[in-house]
Amino acid sequence: ATNKVVKPVLKAGLPIVVDLVDWTDEKGEMSTISALGTITYIDEKGRIYAFGHPFLDSRNVSYSFRTAEVLGTVYSELNSFKLTGKTSEVLGAITFDGSHGISGSISTEKLKNRHHFKLEFKSENKSFHEFDINVADSILTPLLAQAAFGMIGQTYGAPLPQETSVTLIDSKVELENYQPLVWKELFSSSSTRFGAQTLHTS
């Protein structure tokens, strides 16, 4: 579960986290697929502008947003990025995603356009995982939903058919004064045939 920061007073220059997908499991732990950027301007009517560069250019959208603390930056010549720490509760809705940035309002009213799913994992007719999933509304909604289902399956170990080989990768990064960052991915097998022989890999 992500630790929440106190609801902040939003202003230009603060970090902004845009949630494309979020899901909560049966233990109440929340995970998100998000992007981190910077608030560029807020007008007197509570309209918020952010990023100042292209994001997904999906035009009319419904993304939730929050603010966060930044733990640090990972530098790279090809793709530098910031590491997100504690996040706030959802503060509003991004309703436009264009070629010059994103914009929306400090109000959660327009988040009702997002798509909601329930997902349950069962084994022998007994439920062992349940998820409430919210997916952003945009032209990319089908791809975002597919990504969410795939990540949940890999992270929580979705029931798999009879597999010859399965690879589970656990990663853990510990940062001083913060909870550990944990990743889990489960890879099922694929098979390649060479004449009478079959090679199984995962």
# chains A, B, ... in the order shown; residues from 1 in each chain; ligands from 1
$ residues_around --residues "Trp23 of chain A" --least-positions-apart "2" --cutoff "10 Å" --atoms "only C-alpha atoms" --output "list in words"
Val21, Asp25, Gly28, Glu29, Met30, Ser31, Thr32, Ile33, His116, Phe117, Lys118, Leu119, Glu130, Phe131, Asp132, Ile133, Asn134, Val135, Ala148 and Ile152 of chain A
$ residues_around --residues "segment 173-178 of chain A" --least-positions-apart "4" --cutoff "12 Å" --atoms "only C-alpha atoms" --output "PyMOL selection string"
chain A and resi 2-3+69-72+83-86+182-184
$ write_last_selection --atoms "N, CA and C atoms" --output "tab-separated table (two decimals), in the first residue's frame"
chain	number	residue	atom	x	y	z
A	2	THR	N	0.43	2.25	-0.70
A	2	THR	CA	1.20	3.49	-0.78
A	2	THR	C	0.86	4.36	0.41
A	3	ASN	N	1.87	4.93	1.07
A	3	ASN	CA	1.63	5.88	2.14
A	3	ASN	C	1.14	7.19	1.54
A	69	GLU	N	5.62	13.14	-3.46
A	69	GLU	CA	6.99	13.58	-3.22
A	69	GLU	C	7.88	12.83	-4.21
A	70	VAL	N	8.98	13.46	-4.56
A	70	VAL	CA	9.93	12.87	-5.49
A	70	VAL	C	11.14	12.39	-4.69
A	71	LEU	N	11.43	11.09	-4.78
A	71	LEU	CA	12.56	10.52	-4.04
A	71	LEU	C	13.88	10.86	-4.68
A	72	GLY	N	13.88	10.96	-6.00
A	72	GLY	CA	15.12	11.23	-6.72
A	72	GLY	C	14.90	11.05	-8.21
A	83	LEU	N	11.71	9.11	-9.47
A	83	LEU	CA	11.14	8.06	-8.62
A	83	LEU	C	10.11	8.69	-7.69
A	84	THR	N	8.91	8.12	-7.67
A	84	THR	CA	7.81	8.65	-6.86
A	84	THR	C	7.84	8.07	-5.46
A	85	GLY	N	7.64	8.95	-4.47
A	85	GLY	CA	7.51	8.51	-3.08
A	85	GLY	C	6.06	8.50	-2.67
A	86	LYS	N	5.76	9.03	-1.49
A	86	LYS	CA	4.40	9.06	-0.98
A	86	LYS	C	3.51	9.91	-1.88
A	182	VAL	N	8.81	-3.20	-4.17
A	182	VAL	CA	8.79	-4.62	-4.50
A	182	VAL	C	8.09	-4.82	-5.84
A	183	TRP	N	8.75	-5.60	-6.71
A	183	TRP	CA	8.15	-5.99	-7.98
A	183	TRP	C	8.07	-7.51	-8.03
A	184	LYS	N	6.97	-8.05	-8.56
A	184	LYS	CA	6.85	-9.48	-8.79
A	184	LYS	C	6.29	-9.69	-10.18
$ closest_residue --among "A:Ile106, A:Asn125, A:Lys27, A:Ser34" --to "Leu144 of chain A" --atoms "only C-alpha atoms"
A:Ser34
$ residues_around --residues "segment 94-97 of chain A" --least-positions-apart "2" --cutoff "12 Å" --atoms "only C-alpha atoms" --output "number ranges by chain"
A: 16-20, 39, 46-66, 90-92, 99-114, 136-140
$ write_last_selection --atoms "C-alpha atoms" --output "mmCIF file, in the first residue's frame"
data_model
loop_
_atom_site.group_PDB
_atom_site.id
_atom_site.type_symbol
_atom_site.label_atom_id
_atom_site.label_comp_id
_atom_site.auth_asym_id
_atom_site.auth_seq_id
_atom_site.Cartn_x
_atom_site.Cartn_y
_atom_site.Cartn_z
ATOM 1 C CA ILE A 16 1.704 15.704 -10.363
ATOM 2 C CA VAL A 17 0.967 11.988 -10.723
ATOM 3 C CA VAL A 18 -1.532 11.038 -13.442
ATOM 4 C CA ASP A 19 -3.186 7.646 -12.928
ATOM 5 C CA LEU A 20 -4.064 5.677 -16.051
ATOM 6 C CA ILE A 39 2.219 21.289 -12.548
ATOM 7 C CA GLY A 46 -9.220 25.680 -10.298
ATOM 8 C CA ARG A 47 -8.222 24.707 -13.821
ATOM 9 C CA ILE A 48 -4.883 22.909 -13.750
ATOM 10 C CA TYR A 49 -2.244 22.611 -16.476
ATOM 11 C CA ALA A 50 0.686 20.220 -16.309
ATOM 12 C CA PHE A 51 3.591 18.459 -18.036
ATOM 13 C CA GLY A 52 4.206 21.152 -20.694
ATOM 14 C CA HIS A 53 5.164 18.396 -23.162
ATOM 15 C CA PRO A 54 3.314 15.639 -25.020
ATOM 16 C CA PHE A 55 1.993 12.752 -22.956
ATOM 17 C CA LEU A 56 -0.285 10.274 -24.818
ATOM 18 C CA ASP A 57 -2.010 12.921 -27.008
ATOM 19 C CA SER A 58 -5.355 11.143 -26.460
ATOM 20 C CA ARG A 59 -7.368 14.402 -26.539
ATOM 21 C CA ASN A 60 -10.577 14.094 -24.473
ATOM 22 C CA VAL A 61 -9.846 11.861 -21.475
ATOM 23 C CA SER A 62 -10.628 11.170 -17.832
ATOM 24 C CA TYR A 63 -7.484 10.515 -15.755
ATOM 25 C CA SER A 64 -7.334 10.924 -11.987
ATOM 26 C CA PHE A 65 -4.442 12.912 -10.577
ATOM 27 C CA ARG A 66 -2.693 13.388 -7.258
ATOM 28 C CA VAL A 90 -6.927 11.774 -5.668
ATOM 29 C CA LEU A 91 -7.298 15.553 -6.065
ATOM 30 C CA GLY A 92 -9.031 15.966 -9.408
ATOM 31 C CA SER A 99 0.426 17.695 -27.850
ATOM 32 C CA HIS A 100 1.467 20.571 -25.503
ATOM 33 C CA GLY A 101 0.580 18.964 -22.166
ATOM 34 C CA ILE A 102 -2.439 17.991 -20.077
ATOM 35 C CA SER A 103 -5.175 19.968 -18.341
ATOM 36 C CA GLY A 104 -8.133 19.414 -16.060
ATOM 37 C CA SER A 105 -9.720 20.641 -12.865
ATOM 38 C CA ILE A 106 -9.260 20.357 -9.122
ATOM 39 C CA SER A 107 -12.511 18.417 -8.802
ATOM 40 C CA THR A 108 -13.243 14.687 -8.866
ATOM 41 C CA GLU A 109 -16.682 15.111 -10.506
ATOM 42 C CA LYS A 110 -15.470 14.186 -14.015
ATOM 43 C CA LEU A 111 -13.842 10.959 -12.823
ATOM 44 C CA LYS A 112 -17.203 9.188 -13.162
ATOM 45 C CA ASN A 113 -16.291 8.704 -16.861
ATOM 46 C CA ARG A 114 -13.582 6.210 -15.902
ATOM 47 C CA ALA A 136 -8.911 5.919 -17.529
ATOM 48 C CA ASP A 137 -11.384 6.908 -20.212
ATOM 49 C CA SER A 138 -9.586 7.606 -23.508
ATOM 50 C CA ILE A 139 -9.091 6.191 -26.974
ATOM 51 C CA LEU A 140 -6.502 3.928 -25.303
#
$ select_by_dssp --residues "segment 21-108 of chain A" --states "strand (DSSP E)" --output "PyMOL selection string"
chain A and resi 21-25+30-42+47-50+59-66+68-74+81-87+92-98+101-105
$ select_by_dssp --residues "segment 34-198 of chain A" --states "alpha helix (DSSP H)" --output "VMD selection string"
chain A and resid 141 to 156
$ atom_distance --atom1 "atom CA of Ala68 of chain A" --atom2 "atom CA of Ala12 of chain A"
13.5 Å
